[in-house]
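Participant: Below is the file my_file27.pdb, which contains PDB, C-alpha atoms and all ligand atoms.
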ATOM      1  CA  MET A  11       0.000   0.000   0.000  1.00  0.00           C
ATOM      2  CA  SER A  12       2.768   2.458   0.810  1.00  0.00           C
ATOM      3  CA  THR A  13       5.296   4.133  -1.444  1.00  0.00           C
ATOM      4  CA  VAL A  14       8.884   4.281  -0.258  1.00  0.00           C
ATOM      5  CA  LEU A  15      11.533   6.556  -1.745  1.00  0.00           C
ATOM      6  CA  VAL A  16      14.963   4.919  -1.450  1.00  0.00           C
ATOM      7  CA  VAL A  17      17.804   7.435  -1.752  1.00  0.00           C
ATOM      8  CA  GLU A  18      21.012   5.440  -2.074  1.00  0.00           C
ATOM      9  CA  ASP A  19      23.929   5.930  -4.469  1.00  0.00           C
ATOM     10  CA  GLU A  20      25.287   2.378  -4.228  1.00  0.00           C
ATOM     11  CA  SER A  21      23.144   0.542  -6.744  1.00  0.00           C
ATOM     12  CA  ALA A  22      23.739  -2.929  -5.252  1.00  0.00           C
ATOM     13  CA  ILE A  23      22.437  -1.804  -1.854  1.00  0.00           C
ATOM     14  CA  ALA A  24      19.569   0.140  -3.430  1.00  0.00           C
ATOM     15  CA  GLU A  25      18.503  -2.918  -5.425  1.00  0.00           C
ATOM     16  CA  LEU A  26      18.698  -5.198  -2.403  1.00  0.00           C
ATOM     17  CA  ILE A  27      16.522  -2.824  -0.379  1.00  0.00           C
ATOM     18  CA  ALA A  28      14.097  -2.438  -3.288  1.00  0.00           C
ATOM     19  CA  ILE A  29      13.697  -6.215  -3.690  1.00  0.00           C
ATOM     20  CA  ASN A  30      12.920  -6.647   0.003  1.00  0.00           C
ATOM     21  CA  LEU A  31      10.488  -3.739   0.131  1.00  0.00           C
ATOM     22  CA  ARG A  32       8.640  -4.860  -3.003  1.00  0.00           C
ATOM     23  CA  HIS A  33       8.440  -8.353  -1.586  1.00  0.00           C
ATOM     24  CA  ALA A  34       6.799  -6.840   1.527  1.00  0.00           C
ATOM     25  CA  GLY A  35       4.215  -5.127  -0.673  1.00  0.00           C
ATOM     26  CA  HIS A  36       5.654  -1.609  -0.899  1.00  0.00           C
ATOM     27  CA  ASP A  37       5.972   0.460  -4.046  1.00  0.00           C
ATOM     28  CA  VAL A  38       9.575   1.602  -4.430  1.00  0.00           C
ATOM     29  CA  VAL A  39      10.983   4.714  -6.086  1.00  0.00           C
ATOM     30  CA  LEU A  40      14.786   4.833  -6.409  1.00  0.00           C
ATOM     31  CA  ALA A  41      16.981   7.941  -6.385  1.00  0.00           C
ATOM     32  CA  SER A  42      20.783   7.869  -6.445  1.00  0.00           C
ATOM     33  CA  SER A  43      21.432  11.482  -5.463  1.00  0.00           C
ATOM     34  CA  ALA A  44      19.900  14.295  -3.443  1.00  0.00           C
ATOM     35  CA  GLU A  45      18.996  16.020  -6.699  1.00  0.00           C
ATOM     36  CA  GLN A  46      17.072  12.986  -7.975  1.00  0.00           C
ATOM     37  CA  ALA A  47      15.396  12.591  -4.603  1.00  0.00           C
ATOM     38  CA  GLN A  48      14.303  16.224  -4.637  1.00  0.00           C
ATOM     39  CA  HIS A  49      12.917  15.766  -8.121  1.00  0.00           C
ATOM     40  CA  ALA A  50      10.925  12.692  -7.040  1.00  0.00           C
ATOM     41  CA  ILE A  51       9.544  14.515  -4.005  1.00  0.00           C
ATOM     42  CA  GLY A  52       8.600  17.479  -6.175  1.00  0.00           C
ATOM     43  CA  GLY A  53       6.102  15.347  -8.080  1.00  0.00           C
ATOM     44  CA  ALA A  54       4.588  13.158  -5.388  1.00  0.00           C
ATOM     45  CA  LEU A  55       5.217  12.675  -1.701  1.00  0.00           C
ATOM     46  CA  PRO A  56       6.134   9.113  -0.717  1.00  0.00           C
ATOM     47  CA  ASP A  57       4.856   7.614   2.533  1.00  0.00           C
ATOM     48  CA  LEU A  58       8.396   7.180   3.809  1.00  0.00           C
ATOM     49  CA  VAL A  59      11.988   7.946   2.751  1.00  0.00           C
ATOM     50  CA  LEU A  60      15.012   5.727   3.331  1.00  0.00           C
ATOM     51  CA  LEU A  61      17.821   8.233   3.108  1.00  0.00           C
ATOM     52  CA  ASP A  62      21.479   7.314   2.808  1.00  0.00           C
ATOM     53  CA  TRP A  63      23.787   9.714   4.629  1.00  0.00           C
ATOM     54  CA  MET A  64      26.746   9.655   2.240  1.00  0.00           C
ATOM     55  CA  LEU A  65      25.625  10.750  -1.205  1.00  0.00           C
ATOM     56  CA  PRO A  66      27.550  12.427  -4.026  1.00  0.00           C
ATOM     57  CA  GLY A  67      26.958  16.186  -3.842  1.00  0.00           C
ATOM     58  CA  GLU A  68      24.476  17.191  -1.203  1.00  0.00           C
ATOM     59  CA  SER A  69      24.479  14.738   1.703  1.00  0.00           C
ATOM     60  CA  GLY A  70      21.476  12.907   3.087  1.00  0.00           C
ATOM     61  CA  LEU A  71      21.880  14.903   6.265  1.00  0.00           C
ATOM     62  CA  GLN A  72      21.619  18.237   4.427  1.00  0.00           C
ATOM     63  CA  LEU A  73      18.665  16.948   2.442  1.00  0.00           C
ATOM     64  CA  ALA A  74      16.829  15.891   5.618  1.00  0.00           C
ATOM     65  CA  ARG A  75      17.406  19.365   7.091  1.00  0.00           C
ATOM     66  CA  ARG A  76      16.075  21.028   3.961  1.00  0.00           C
ATOM     67  CA  TRP A  77      12.943  18.855   3.912  1.00  0.00           C
ATOM     68  CA  ARG A  78      12.283  19.583   7.571  1.00  0.00           C
ATOM     69  CA  ALA A  79      12.427  23.326   6.851  1.00  0.00           C
ATOM     70  CA  ASP A  80       9.812  23.095   4.086  1.00  0.00           C
ATOM     71  CA  ALA A  81       6.135  23.063   5.092  1.00  0.00           C
ATOM     72  CA  ARG A  82       5.248  20.505   2.432  1.00  0.00           C
ATOM     73  CA  THR A  83       7.863  17.942   3.496  1.00  0.00           C
ATOM     74  CA  ARG A  84       8.109  18.781   7.201  1.00  0.00           C
ATOM     75  CA  ALA A  85       6.182  15.700   8.339  1.00  0.00           C
ATOM     76  CA  LEU A  86       7.726  13.293   5.821  1.00  0.00           C
ATOM     77  CA  PRO A  87       8.784  10.090   7.642  1.00  0.00           C
ATOM     78  CA  ILE A  88      12.554   9.684   7.184  1.00  0.00           C
ATOM     79  CA  ILE A  89      14.842   6.831   8.192  1.00  0.00           C
ATOM     80  CA  MET A  90      18.552   7.571   7.726  1.00  0.00           C
ATOM     81  CA  LEU A  91      20.736   4.743   6.471  1.00  0.00           C
ATOM     82  CA  THR A  92      24.424   4.956   7.100  1.00  0.00           C
ATOM     83  CA  ALA A  93      27.665   3.070   7.353  1.00  0.00           C
ATOM     84  CA  ARG A  94      28.620   5.366  10.212  1.00  0.00           C
ATOM     85  CA  ALA A  95      27.665   3.742  13.475  1.00  0.00           C
ATOM     86  CA  GLN A  96      29.078   6.199  15.953  1.00  0.00           C
ATOM     87  CA  GLU A  97      26.878   7.696  18.628  1.00  0.00           C
ATOM     88  CA  ALA A  98      27.684  11.262  17.528  1.00  0.00           C
ATOM     89  CA  ASP A  99      26.552  10.473  13.976  1.00  0.00           C
ATOM     90  CA  LYS A 100      23.320   9.023  15.213  1.00  0.00           C
ATOM     91  CA  VAL A 101      22.635  12.160  17.215  1.00  0.00           C
ATOM     92  CA  ALA A 102      23.449  14.348  14.193  1.00  0.00           C
ATOM     93  CA  GLY A 103      21.061  12.312  12.042  1.00  0.00           C
ATOM     94  CA  LEU A 104      18.227  12.614  14.507  1.00  0.00           C
ATOM     95  CA  ASP A 105      18.971  16.308  15.014  1.00  0.00           C
ATOM     96  CA  ALA A 106      18.670  16.848  11.267  1.00  0.00           C
ATOM     97  CA  GLY A 107      15.125  15.565  11.517  1.00  0.00           C
ATOM     98  CA  ALA A 108      15.379  11.834  10.811  1.00  0.00           C
ATOM     99  CA  ASP A 109      12.693   9.785  12.579  1.00  0.00           C
ATOM    100  CA  ASP A 110      15.000   6.828  12.977  1.00  0.00           C
ATOM    101  CA  TYR A 111      18.523   5.791  12.132  1.00  0.00           C
ATOM    102  CA  LEU A 112      19.791   2.455  10.867  1.00  0.00           C
ATOM    103  CA  ALA A 113      23.481   1.570  10.621  1.00  0.00           C
ATOM    104  CA  LYS A 114      24.640  -0.641   7.741  1.00  0.00           C
ATOM    105  CA  PRO A 115      24.667  -3.545   7.521  1.00  0.00           C
ATOM    106  CA  PHE A 116      21.132  -4.210   8.673  1.00  0.00           C
ATOM    107  CA  SER A 117      18.774  -7.114   8.058  1.00  0.00           C
ATOM    108  CA  PRO A 118      15.703  -6.647   5.837  1.00  0.00           C
ATOM    109  CA  LYS A 119      13.622  -7.809   8.788  1.00  0.00           C
ATOM    110  CA  GLU A 120      14.946  -5.056  11.019  1.00  0.00           C
ATOM    111  CA  LEU A 121      14.472  -2.454   8.281  1.00  0.00           C
ATOM    112  CA  LEU A 122      10.828  -3.469   7.805  1.00  0.00           C
ATOM    113  CA  ALA A 123      10.182  -3.442  11.558  1.00  0.00           C
ATOM    114  CA  ARG A 124      11.659   0.059  11.908  1.00  0.00           C
ATOM    115  CA  MET A 125       9.664   1.274   8.907  1.00  0.00           C
ATOM    116  CA  ARG A 126       6.472  -0.082  10.421  1.00  0.00           C
ATOM    117  CA  ALA A 127       7.174   1.652  13.730  1.00  0.00           C
ATOM    118  CA  VAL A 128       7.837   5.012  12.048  1.00  0.00           C
ATOM    119  CA  LEU A 129       4.767   4.699   9.824  1.00  0.00           C
ATOM    120  CA  ARG A 130       2.552   3.778  12.762  1.00  0.00           C
ATOM    121  CA  ARG A 131       3.679   6.933  14.506  1.00  0.00           C
ATOM    122  CA  LYS A 132       3.693   9.341  11.569  1.00  0.00           C
ATOM    123  CA  ALA A 133       1.647   7.955   8.664  1.00  0.00           C
ATOM    124  CA  PRO A 134      -0.754   5.278   9.925  1.00  0.00           C
ATOM    125  CA  ASP A 135      -2.749   5.605   6.707  1.00  0.00           C
ATOM    126  CA  ALA A 136       0.156   3.891   4.932  1.00  0.00           C
ATOM    127  CA  LEU A 137      -0.403   0.745   7.004  1.00  0.00           C
ATOM    128  CA  ASP A 138      -3.108  -1.829   6.390  1.00  0.00           C
ATOM    129  CA  GLU A 139      -4.363  -1.738   9.955  1.00  0.00           C
ATOM    130  CA  ALA A 140      -8.045  -1.300  10.762  1.00  0.00           C
ATOM    131  CA  VAL A 141      -8.932   2.091  12.223  1.00  0.00           C
ATOM    132  CA  ARG A 142     -11.925   3.312  14.216  1.00  0.00           C
ATOM    133  CA  LEU A 143     -13.353   6.778  14.742  1.00  0.00           C
ATOM    134  CA  GLY A 144     -16.674   7.330  16.461  1.00  0.00           C
ATOM    135  CA  PRO A 145     -19.190   4.882  15.008  1.00  0.00           C
ATOM    136  CA  LEU A 146     -17.057   4.200  11.918  1.00  0.00           C
ATOM    137  CA  GLN A 147     -14.665   1.320  11.487  1.00  0.00           C
ATOM    138  CA  LEU A 148     -12.522   1.095   8.373  1.00  0.00           C
ATOM    139  CA  ASP A 149     -10.522  -1.953   7.360  1.00  0.00           C
ATOM    140  CA  PRO A 150      -8.128  -1.081   4.518  1.00  0.00           C
ATOM    141  CA  ALA A 151      -7.004  -4.679   3.953  1.00  0.00           C
ATOM    142  CA  ALA A 152     -10.583  -5.885   3.431  1.00  0.00           C
ATOM    143  CA  HIS A 153     -11.530  -2.538   1.837  1.00  0.00           C
ATOM    144  CA  ARG A 154     -14.537  -2.401   4.130  1.00  0.00           C
ATOM    145  CA  LEU A 155     -16.279   0.390   6.019  1.00  0.00           C
ATOM    146  CA  LEU A 156     -18.664  -0.438   8.852  1.00  0.00           C
ATOM    147  CA  HIS A 157     -20.997   1.852  10.733  1.00  0.00           C
ATOM    148  CA  GLU A 158     -22.046   0.756  14.175  1.00  0.00           C
ATOM    149  CA  GLY A 159     -25.455   2.157  14.967  1.00  0.00           C
ATOM    150  CA  GLU A 160     -28.135   1.332  17.488  1.00  0.00           C
ATOM    151  CA  ALA A 161     -29.519  -1.284  15.122  1.00  0.00           C
ATOM    152  CA  GLY A 162     -26.137  -2.979  14.780  1.00  0.00           C
ATOM    153  CA  ALA A 163     -23.274  -2.822  12.324  1.00  0.00           C
ATOM    154  CA  ARG A 164     -23.937  -1.963   8.722  1.00  0.00           C
ATOM    155  CA  GLU A 165     -21.592  -1.801   5.777  1.00  0.00           C
ATOM    156  CA  LEU A 166     -21.249   1.480   3.896  1.00  0.00           C
ATOM    157  CA  ARG A 167     -20.019   1.517   0.333  1.00  0.00           C
ATOM    158  CA  LEU A 168     -17.713   4.212  -1.015  1.00  0.00           C
ATOM    159  CA  GLY A 169     -15.853   4.706  -4.264  1.00  0.00           C
ATOM    160  CA  PRO A 170     -12.091   3.948  -4.177  1.00  0.00           C
ATOM    161  CA  THR A 171     -11.035   7.603  -3.913  1.00  0.00           C
ATOM    162  CA  GLU A 172     -13.606   8.371  -1.205  1.00  0.00           C
ATOM    163  CA  PHE A 173     -12.433   5.279   0.678  1.00  0.00           C
ATOM    164  CA  ARG A 174      -8.790   6.442   0.590  1.00  0.00           C
ATOM    165  CA  LEU A 175      -9.826   9.950   1.550  1.00  0.00           C
ATOM    166  CA  LEU A 176     -11.799   8.656   4.534  1.00  0.00           C
ATOM    167  CA  HIS A 177      -8.885   6.398   5.529  1.00  0.00           C
ATOM    168  CA  PHE A 178      -6.586   9.410   5.609  1.00  0.00           C
ATOM    169  CA  PHE A 179      -9.096  11.498   7.583  1.00  0.00           C
ATOM    170  CA  MET A 180      -9.700   8.706  10.109  1.00  0.00           C
ATOM    171  CA  THR A 181      -5.983   8.236  10.727  1.00  0.00           C
ATOM    172  CA  HIS A 182      -5.479  12.010  11.056  1.00  0.00           C
ATOM    173  CA  PRO A 183      -8.602  13.203  12.874  1.00  0.00           C
ATOM    174  CA  GLN A 184      -9.171  16.636  14.441  1.00  0.00           C
ATOM    175  CA  ARG A 185      -6.518  18.256  12.265  1.00  0.00           C
ATOM    176  CA  VAL A 186      -7.297  20.615   9.413  1.00  0.00           C
ATOM    177  CA  HIS A 187      -5.948  19.512   6.051  1.00  0.00           C
ATOM    178  CA  THR A 188      -5.585  21.851   3.107  1.00  0.00           C
ATOM    179  CA  ARG A 189      -6.632  20.724  -0.341  1.00  0.00           C
ATOM    180  CA  ALA A 190      -2.971  20.660  -1.407  1.00  0.00           C
ATOM    181  CA  GLN A 191      -2.117  18.395   1.539  1.00  0.00           C
ATOM    182  CA  LEU A 192      -4.986  16.061   0.700  1.00  0.00           C
ATOM    183  CA  LEU A 193      -3.826  15.859  -2.912  1.00  0.00           C
ATOM    184  CA  ASP A 194      -0.332  14.996  -1.700  1.00  0.00           C
ATOM    185  CA  ARG A 195      -1.413  12.390   0.809  1.00  0.00           C
ATOM    186  CA  VAL A 196      -4.476  10.831  -0.798  1.00  0.00           C
ATOM    187  CA  TRP A 197      -3.905  11.298  -4.519  1.00  0.00           C
ATOM    188  CA  GLY A 198      -0.104  11.263  -4.199  1.00  0.00           C
ATOM    189  CA  ASP A 199       0.163  14.303  -6.424  1.00  0.00           C
ATOM    190  CA  HIS A 200      -0.128  17.989  -5.726  1.00  0.00           C
ATOM    191  CA  VAL A 201       0.949  19.324  -9.076  1.00  0.00           C
ATOM    192  CA  PHE A 202      -1.207  17.896 -11.836  1.00  0.00           C
ATOM    193  CA  ILE A 203      -4.617  17.674 -10.192  1.00  0.00           C
ATOM    194  CA  GLU A 204      -6.855  20.659  -9.584  1.00  0.00           C
ATOM    195  CA  GLU A 205      -7.711  21.442  -5.989  1.00  0.00           C
ATOM    196  CA  ARG A 206     -11.358  21.556  -7.002  1.00  0.00           C
ATOM    197  CA  THR A 207     -11.139  17.782  -7.483  1.00  0.00           C
ATOM    198  CA  VAL A 208     -10.835  17.453  -3.700  1.00  0.00           C
ATOM    199  CA  ASP A 209     -14.158  19.258  -3.218  1.00  0.00           C
ATOM    200  CA  VAL A 210     -15.882  16.896  -5.651  1.00  0.00           C
ATOM    201  CA  HIS A 211     -14.721  13.832  -3.716  1.00  0.00           C
ATOM    202  CA  ILE A 212     -15.487  15.407  -0.334  1.00  0.00           C
ATOM    203  CA  LYS A 213     -19.039  15.893  -1.557  1.00  0.00           C
ATOM    204  CA  ARG A 214     -19.269  12.242  -2.618  1.00  0.00           C
ATOM    205  CA  LEU A 215     -17.756  11.098   0.668  1.00  0.00           C
ATOM    206  CA  ARG A 216     -20.322  13.087   2.626  1.00  0.00           C
ATOM    207  CA  GLU A 217     -23.101  11.588   0.511  1.00  0.00           C
ATOM    208  CA  GLY A 218     -21.824   8.097   1.331  1.00  0.00           C
ATOM    209  CA  LEU A 219     -21.590   8.892   5.040  1.00  0.00           C
ATOM    210  CA  ALA A 220     -24.987  10.619   5.047  1.00  0.00           C
ATOM    211  CA  LEU A 221     -26.634   7.200   4.638  1.00  0.00           C
ATOM    212  CA  ALA A 222     -25.467   6.508   8.198  1.00  0.00           C
ATOM    213  CA  GLY A 223     -26.067  10.040   9.439  1.00  0.00           C
ATOM    214  CA  CYS A 224     -22.321  10.736   9.587  1.00  0.00           C
ATOM    215  CA  ALA A 225     -21.882  13.406   6.906  1.00  0.00           C
ATOM    216  CA  ARG A 226     -21.163  16.012   9.572  1.00  0.00           C
ATOM    217  CA  MET A 227     -18.028  14.159  10.646  1.00  0.00           C
ATOM    218  CA  ILE A 228     -16.332  15.834   7.661  1.00  0.00           C
ATOM    219  CA  GLU A 229     -16.174  19.545   8.404  1.00  0.00           C
ATOM    220  CA  THR A 230     -15.370  22.388   6.063  1.00  0.00           C
ATOM    221  CA  VAL A 231     -12.974  24.880   7.609  1.00  0.00           C
ATOM    222  CA  ARG A 232     -13.542  27.992   5.574  1.00  0.00           C
ATOM    223  CA  GLY A 233     -10.558  29.383   3.780  1.00  0.00           C
ATOM    224  CA  VAL A 234      -8.367  26.495   4.948  1.00  0.00           C
ATOM    225  CA  GLY A 235      -9.629  23.034   4.069  1.00  0.00           C
ATOM    226  CA  TYR A 236     -11.259  20.054   5.724  1.00  0.00           C
ATOM    227  CA  ARG A 237     -11.216  18.287   9.047  1.00  0.00           C
ATOM    228  CA  MET A 238     -12.718  15.063  10.363  1.00  0.00           C
ATOM    229  CA  VAL A 239     -14.204  14.951  13.840  1.00  0.00           C
ATOM    230  CA  GLU A 240     -15.838  12.287  15.956  1.00  0.00           C
ATOM    231  CA  ALA A 241     -19.604  12.529  15.809  1.00  0.00           C
ATOM    232  CA  GLY A 242     -21.073  13.985  18.966  1.00  0.00           C
ATOM    233  CA  ASP A 243     -18.109  16.181  19.816  1.00  0.00           C
ATOM    234  CA  GLU A 244     -19.211  19.519  21.152  1.00  0.00           C
ATOM    235  CA  GLY A 245     -18.837  22.531  18.935  1.00  0.00           C
ATOM    236  CA  THR A 246     -17.810  20.557  15.897  1.00  0.00           C
ATOM    237  CA  VAL A 247     -20.778  21.148  13.649  1.00  0.00           C
ATOM    238  CA  ASP A 248     -19.813  23.478  10.868  1.00  0.00           C
ATOM    239  CA  GLY A 249     -22.122  26.334  10.012  1.00  0.00           C
ATOM    240  CA  ALA A 250     -24.224  25.796  13.161  1.00  0.00           C
ATOM    241  CA  GLY A 251     -28.005  26.014  12.732  1.00  0.00           C
ATOM    242  CA  GLU A 252     -28.738  22.432  13.701  1.00  0.00           C
ATOM    243  CA  GLY A 253     -32.338  23.355  14.327  1.00  0.00           C
ATOM    244  CA  GLY A 254     -32.840  20.752  17.051  1.00  0.00           C
TER     245      GLY A 254
HETATM  246 CA    CA A 301      26.240   6.151  -0.016  1.00  0.00          CA
END
I need this file expressed as structure tokens, please.

Facilitator:
Amino acid sequence: MSTVLVVEDESAIAELIAINLRHAGHDVVLASSAEQAQHAIGGALPDLVLLDWMLPGESGLQLARRWRADARTRALPIIMLTARAQEADKVAGLDAGADDYLAKPFSPKELLARMRAVLRRKAPDALDEAVRLGPLQLDPAAHRLLHEGEAGARELRLGPTEFRLLHFFMTHPQRVHTRAQLLDRVWGDHVFIEERTVDVHIKRLREGLALAGCARMIETVRGVGYRMVEAGDEGTVDGAGEGG
């Protein structure tokens, strides 16, 4: 389900990592320099970056710092890969904004475990784990959405884009997301799709949720974007005027 950008200039290591990640079900994008990595990020944000420290030209460390300083890439999950195993290096890597640090050589099993831990913390929508918010339960692996009402659980059907959109909202509740952020995280592209497209799919998502009386869980935050809230929260109804 998740896309991983592997930034590594040694092709043998890059290939080995790519084989293991693909085998584990990840999509892999390879970059052999900071410049290539920046280019890849410019088009679509991956779910996670494996970033080698020693690269020709700009180092992985400098690249991590630059991404952390940019609003669009600030929250990007990054694991630094390095042959340098000294404590001071590890501290420098984490200071530059890496979420974790793995010294070469490492086993594919350890890499996957670390990736899972970072994703769970920073991008749970990239995992296939079931998620619950209020009366809604979404299972990405089974591609199923359940609503638990007084009459019992009922399955709601959504289109594929609405399902992904809801998955992202449910794993990042309460926060306001701009249309550009939603395009990055749900569509994987912020450049070639119009922001208006987001509004179209929000409308469809609300229509799907309205069948279970949950349309109000998706709020419009005027001039900013959208936010998902748990039904029943106080002061969360947008536009007021509930009318009893
Ligand atoms: Ca290297």

Participant: Using all atoms listed in the file, which of the listed residues (A:Arg164, A:Asn30, A:Ala54, A:Leu91) sits closest to ligand CA 301 (chain A)?

Facilitator: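 The closest residue to ligand CA 301 (chain A) is A:Leu91.
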
Participant: Using the chain letters and numbers from the file, give me the residues hit by the PyMOL selection byres (((not hetatm)) within 10 of (chain A and resi 301)), as a list of chain:residue names.

Facilitator: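 Those residues are A:Val17, A:Glu18, A:Asp19, A:Glu20, A:Ser21, A:Ile23, A:Ala24, A:Ser42, A:Ser43, A:Leu61, A:Asp62, A:Trp63, A:Met64, A:Leu65, A:Pro66, A:Ser69, A:Gly70, A:Leu91, A:Thr92, A:Ala93.
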
Participant: With the PyMOL selection byres (((chain A and resi 95) around 6) and not hetatm) as the selection, what would be picked from this file? Answer as a ChimeraX atom specification, please.

Facilitator: /A:94,96,113

Participant: Here's a test: counting only C-alpha atoms, identify every protein, DNA and RNA residue with an atom at most 12 Å from (4.3, 0.4, 8.7) in the file's coordinate frame, and state them as a VMD selection string.

Facilitator: chain A and resid 11 to 14 31 34 to 36 57 to 58 87 121 to 139

Participant: Can you spell out as a PDB file with C-alpha atoms, keeping the file's coordinate frame the set of residues that the PyMOL selection byres (((chain A and resi 60) around 6) and not hetatm) selects in the structure I just provided?

Facilitator:
ATOM      1  CA  VAL A  16      14.963   4.919  -1.450  1.00  0.00           C
ATOM      2  CA  VAL A  59      11.988   7.946   2.751  1.00  0.00           C
ATOM      3  CA  LEU A  61      17.821   8.233   3.108  1.00  0.00           C
ATOM      4  CA  ILE A  89      14.842   6.831   8.192  1.00  0.00           C
ATOM      5  CA  MET A  90      18.552   7.571   7.726  1.00  0.00           C
TER       6      MET A  90
END

Participant: Report, in Å with one decimal, the straight-line distance from atom CA of A:Arg214 to atom CA of A:Leu55.

Facilitator: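 Atom-to-atom, atom CA of A:Arg214 and atom CA of A:Leu55 are spaced 24.5 Å apart.
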
Participant: Write out as a ChimeraX atom specification each polymer residue whose atoms come within 8 Å of A:Glu158, counting all atoms listed in the file; drop sequence neighbours fewer than 5 positions from it.

Facilitator: /A:145-147,163-164

Participant: Measure the distance from atom CA of A:Ala241 to atom CA of A:Ala161 in Å and round it to one decimal.

Facilitator: 17.0 Å

Participant: For A:Gly52, list every protein, DNA or RNA residue within 10 Å, evaluated using only C-alpha atoms, and leave out those in the same chain fewer than 6 positions away; present the list as a list of chain:residue names.

Facilitator: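 Using only C-alpha atoms, the neighbours found are A:Gln46, A:Arg82, A:Thr83, A:Asp199, A:His200, A:Val201.
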
Participant: Quick one: residues within 10 Å of A:Leu219, all atoms listed in the file counted, chain neighbours fewer than 2 positions away excluded, as an mmCIF file with C-alpha atoms, keeping the file's coordinate frame?

Facilitator:
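Saved file part-v5.cif follows:
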data_model
loop_
_atom_site.group_PDB
_atom_site.id
_atom_site.type_symbol
_atom_site.label_atom_id
_atom_site.label_comp_id
_atom_site.auth_asym_id
_atom_site.auth_seq_id
_atom_site.Cartn_x
_atom_site.Cartn_y
_atom_site.Cartn_z
ATOM 1 C CA LEU A 146 -17.057 4.200 11.918
ATOM 2 C CA HIS A 157 -20.997 1.852 10.733
ATOM 3 C CA LEU A 166 -21.249 1.480 3.896
ATOM 4 C CA ARG A 167 -20.019 1.517 0.333
ATOM 5 C CA LEU A 168 -17.713 4.212 -1.015
ATOM 6 C CA LEU A 176 -11.799 8.656 4.534
ATOM 7 C CA LYS A 213 -19.039 15.893 -1.557
ATOM 8 C CA ARG A 214 -19.269 12.242 -2.618
ATOM 9 C CA LEU A 215 -17.756 11.098 0.668
ATOM 10 C CA ARG A 216 -20.322 13.087 2.626
ATOM 11 C CA GLU A 217 -23.101 11.588 0.511
ATOM 12 C CA LEU A 221 -26.634 7.200 4.638
ATOM 13 C CA ALA A 222 -25.467 6.508 8.198
ATOM 14 C CA GLY A 223 -26.067 10.040 9.439
ATOM 15 C CA CYS A 224 -22.321 10.736 9.587
ATOM 16 C CA ALA A 225 -21.882 13.406 6.906
ATOM 17 C CA ARG A 226 -21.163 16.012 9.572
ATOM 18 C CA MET A 227 -18.028 14.159 10.646
ATOM 19 C CA ILE A 228 -16.332 15.834 7.661
#

Participant: Could you state the separation of atom CA of A:His153 and atom CA of A:Pro170 in Å, given to one decimal place?

Facilitator: 8.9 Å

Participant: Using only C-alpha atoms, which of A:Val231, A:Ala79, A:Ala98, A:Leu86 sits nearest A:Arg195?

Facilitator: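 When distances to A:Arg195 are compared using only C-alpha atoms, the smallest one comes from A:Leu86.
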
Participant: Let me make sure I understand: among A:Asp149, A:Val38, A:Arg142, A:Gly218, which one has the smallest atom-to-atom distance to A:Gly169 if we use all atoms listed in the file?

Facilitator: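 Smallest distance to A:Gly169 is found for A:Gly218.
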
Participant: Taking (-10.7, 7.8, 13.8) in the file's coordinates as the center, which residues reach within 7 Å of it, counting all atoms listed in the file, put as a PDB file with C-alpha atoms, keeping the file's coordinate frame?

Facilitator:
ATOM      1  CA  VAL A 141      -8.932   2.091  12.223  1.00  0.00           C
ATOM      2  CA  ARG A 142     -11.925   3.312  14.216  1.00  0.00           C
ATOM      3  CA  LEU A 143     -13.353   6.778  14.742  1.00  0.00           C
ATOM      4  CA  GLY A 144     -16.674   7.330  16.461  1.00  0.00           C
ATOM      5  CA  MET A 180      -9.700   8.706  10.109  1.00  0.00           C
ATOM      6  CA  THR A 181      -5.983   8.236  10.727  1.00  0.00           C
ATOM      7  CA  PRO A 183      -8.602  13.203  12.874  1.00  0.00           C
TER       8      PRO A 183
END

Participant: Could you pull the residues within 7 Å of A:Ala106, counting all atoms listed in the file, minus those fewer than 6 positions along the same chain, as an MDAnalysis selection string?

Facilitator: chainID A and resid 71 74:75

Participant: Quick one: stretch 147-152 of chain A with N, CA, C and O atoms, as a PDB file, in the first residue's frame?

Facilitator:
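Output below, filename out.pdb:
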ATOM      1  N   GLN A 147     -15.821   2.200  11.432  1.00  0.00           N
ATOM      2  CA  GLN A 147     -14.665   1.320  11.487  1.00  0.00           C
ATOM      3  C   GLN A 147     -14.261   0.997  10.059  1.00  0.00           C
ATOM      4  O   GLN A 147     -15.069   0.505   9.268  1.00  0.00           O
ATOM      5  N   LEU A 148     -12.997   1.279   9.739  1.00  0.00           N
ATOM      6  CA  LEU A 148     -12.522   1.095   8.373  1.00  0.00           C
ATOM      7  C   LEU A 148     -11.391   0.077   8.358  1.00  0.00           C
ATOM      8  O   LEU A 148     -10.443   0.177   9.131  1.00  0.00           O
ATOM      9  N   ASP A 149     -11.542  -0.911   7.485  1.00  0.00           N
ATOM     10  CA  ASP A 149     -10.522  -1.953   7.360  1.00  0.00           C
ATOM     11  C   ASP A 149      -9.923  -1.871   5.955  1.00  0.00           C
ATOM     12  O   ASP A 149     -10.539  -2.290   4.981  1.00  0.00           O
ATOM     13  N   PRO A 150      -8.707  -1.280   5.851  1.00  0.00           N
ATOM     14  CA  PRO A 150      -8.128  -1.081   4.518  1.00  0.00           C
ATOM     15  C   PRO A 150      -7.795  -2.394   3.816  1.00  0.00           C
ATOM     16  O   PRO A 150      -7.916  -2.486   2.602  1.00  0.00           O
ATOM     17  N   ALA A 151      -7.384  -3.403   4.574  1.00  0.00           N
ATOM     18  CA  ALA A 151      -7.004  -4.679   3.953  1.00  0.00           C
ATOM     19  C   ALA A 151      -8.222  -5.328   3.291  1.00  0.00           C
ATOM     20  O   ALA A 151      -8.128  -5.859   2.183  1.00  0.00           O
ATOM     21  N   ALA A 152      -9.361  -5.288   3.977  1.00  0.00           N
ATOM     22  CA  ALA A 152     -10.583  -5.885   3.431  1.00  0.00           C
ATOM     23  C   ALA A 152     -11.361  -4.881   2.582  1.00  0.00           C
ATOM     24  O   ALA A 152     -12.360  -5.235   1.977  1.00  0.00           O
TER      25      ALA A 152
END
